[in-house]
$ cat data08.txt   # compact mmCIF, C-alpha atoms
# COMPACT_ATOMS: atom_id res chain seq x y z
CA MET C 1 36.25 13.75 33.98
CA THR C 2 32.68 14.39 35.16
CA HIS C 3 29.91 12.07 34.02
CA PRO C 4 27.50 13.94 31.69
CA LEU C 5 24.51 13.17 33.94
CA ASP C 6 26.30 14.86 36.86
CA ASP C 7 26.49 18.18 34.99
CA THR C 8 24.04 20.45 36.83
CA THR C 9 24.28 23.12 34.13
CA GLY C 10 23.99 20.86 31.09
CA LEU C 11 21.13 20.38 28.68
CA PHE C 12 19.36 17.05 28.40
CA LEU C 13 16.70 15.25 26.41
CA VAL C 14 14.03 12.83 27.55
CA LEU C 15 14.09 9.80 25.27
CA ASP C 16 11.35 7.18 24.92
CA ASN C 17 11.56 3.71 23.42
CA ALA C 18 8.98 1.26 22.06
CA ARG C 19 8.56 -0.31 25.53
CA ASP C 20 7.42 3.07 26.91
CA GLU C 21 10.62 3.44 28.93
CA SER C 22 12.12 6.89 29.40
CA SER C 23 15.73 7.96 29.69
CA LEU C 24 17.50 11.19 30.61
CA TRP C 25 20.07 11.79 27.85
CA PRO C 26 22.78 14.43 27.33
CA HIS C 27 21.71 16.62 24.40
CA PHE C 28 25.11 16.45 22.72
CA VAL C 29 25.13 12.64 22.43
CA ASP C 30 23.47 11.05 19.38
CA VAL C 31 20.07 9.53 20.06
CA PRO C 32 20.52 5.74 19.92
CA PRO C 33 18.52 3.59 17.51
CA GLY C 34 15.12 2.65 18.87
CA TRP C 35 14.75 5.82 20.95
CA THR C 36 12.95 9.06 20.12
CA VAL C 37 13.08 12.51 21.68
CA ALA C 38 10.00 13.15 23.85
CA PHE C 39 11.16 16.39 25.50
CA GLY C 40 14.03 18.85 25.60
CA ALA C 41 16.62 20.09 25.36
CA ALA C 42 16.23 21.41 28.90
CA GLY C 43 17.89 21.28 32.28
CA ALA C 44 18.09 17.96 34.10
CA GLU C 45 15.52 18.89 36.76
CA GLU C 46 13.04 20.06 34.13
CA CYS C 47 13.50 16.78 32.23
CA ARG C 48 13.04 14.74 35.43
CA ALA C 49 9.87 16.71 36.19
CA PHE C 50 8.58 15.94 32.70
CA ILE C 51 9.16 12.22 33.26
CA ALA C 52 7.60 12.30 36.73
CA ALA C 53 4.49 14.11 35.47
CA ARG C 54 3.67 11.35 33.01
CA PRO C 55 1.80 8.28 34.23
CA PRO C 56 3.62 4.97 33.75
CA ALA C 57 2.47 3.72 30.37
CA ALA C 58 3.62 0.12 30.69
CA ALA C 59 4.58 -2.44 33.28
CA GLY C 60 8.08 -2.37 31.82
CA MET C 61 8.70 1.24 32.88
CA PRO C 62 11.63 1.42 35.30
CA GLN C 63 10.44 1.90 38.86
CA ALA C 64 12.81 4.84 39.36
CA PHE C 65 10.80 6.81 36.80
CA ALA C 66 7.39 5.47 37.79
CA ALA C 67 7.91 6.45 41.43
CA ALA C 68 9.61 9.80 40.80

$ encode --input "data08.txt" --output "structure tokens"
Amino acid sequence: MTHPLDDTTGLFLVLDNARDESSLWPHFVDVPPGWTVAFGAAGAEECRAFIAARPPAAAGMPQAFAAA
């Protein structure tokens, strides 16, 4: 079975939490408590570009997203 994040044709959401962290999330999976949809549904690359275009809002933002 392929991991949902490895699906190059799938649709994804960008989720944000109260700590200003972002996450790429498969659109067909329920949004977990404490997270809200910031963008999508869209392709993975479009979602990653959305995350990369935003300035880091907090020191707690994962470096992978802040540097992307």

$ residues_around --input "data08.txt" --residues "Pro26 in chain C" --least-positions-apart "2" --cutoff "8 Å" --atoms "only C-alpha atoms" --output "list in words"
Pro4, Leu5, Gly10, Leu11, Phe12, Leu13, Leu24, Phe28 and Val29 of chain C

$ axis_aligned_box --input "data08.txt" --around "range 19-28 of chain C" --padding-each-side "3 Å" --output "AutoDock Vina command-line options"
--center_x 16.3 --center_y 8.2 --center_z 26.7 --size_x 23.7 --size_y 22.9 --size_z 13.9

$ closest_residue --input "data08.txt" --among "C:Ser22, C:Pro32, C:Val14, C:His27" --to "Cys47 in chain C" --atoms "all atoms listed in the file"
C:Val14

$ atom_distance --input "data08.txt" --atom1 "CA of Arg54 in chain C" --atom2 "CA of Gly34 in chain C"
20.2 Å

$ atom_distance --input "data08.txt" --atom1 "CA of Val31 in chain C" --atom2 "CA of Arg19 in chain C"
16.1 Å

$ atom_distance --input "data08.txt" --atom1 "CA of Pro55 in chain C" --atom2 "CA of Thr36 in chain C"
18.0 Å

$ closest_residue --input "data08.txt" --among "C:Trp35, C:Ala41, C:Ala52, C:Thr2" --to "Leu15 in chain C" --atoms "all atoms listed in the file"
C:Trp35

$ closest_residue --input "data08.txt" --among "C:Asp20, C:Trp25, C:Thr9, C:Ala38" --to "Pro56 in chain C" --atoms "all atoms listed in the file"
C:Asp20
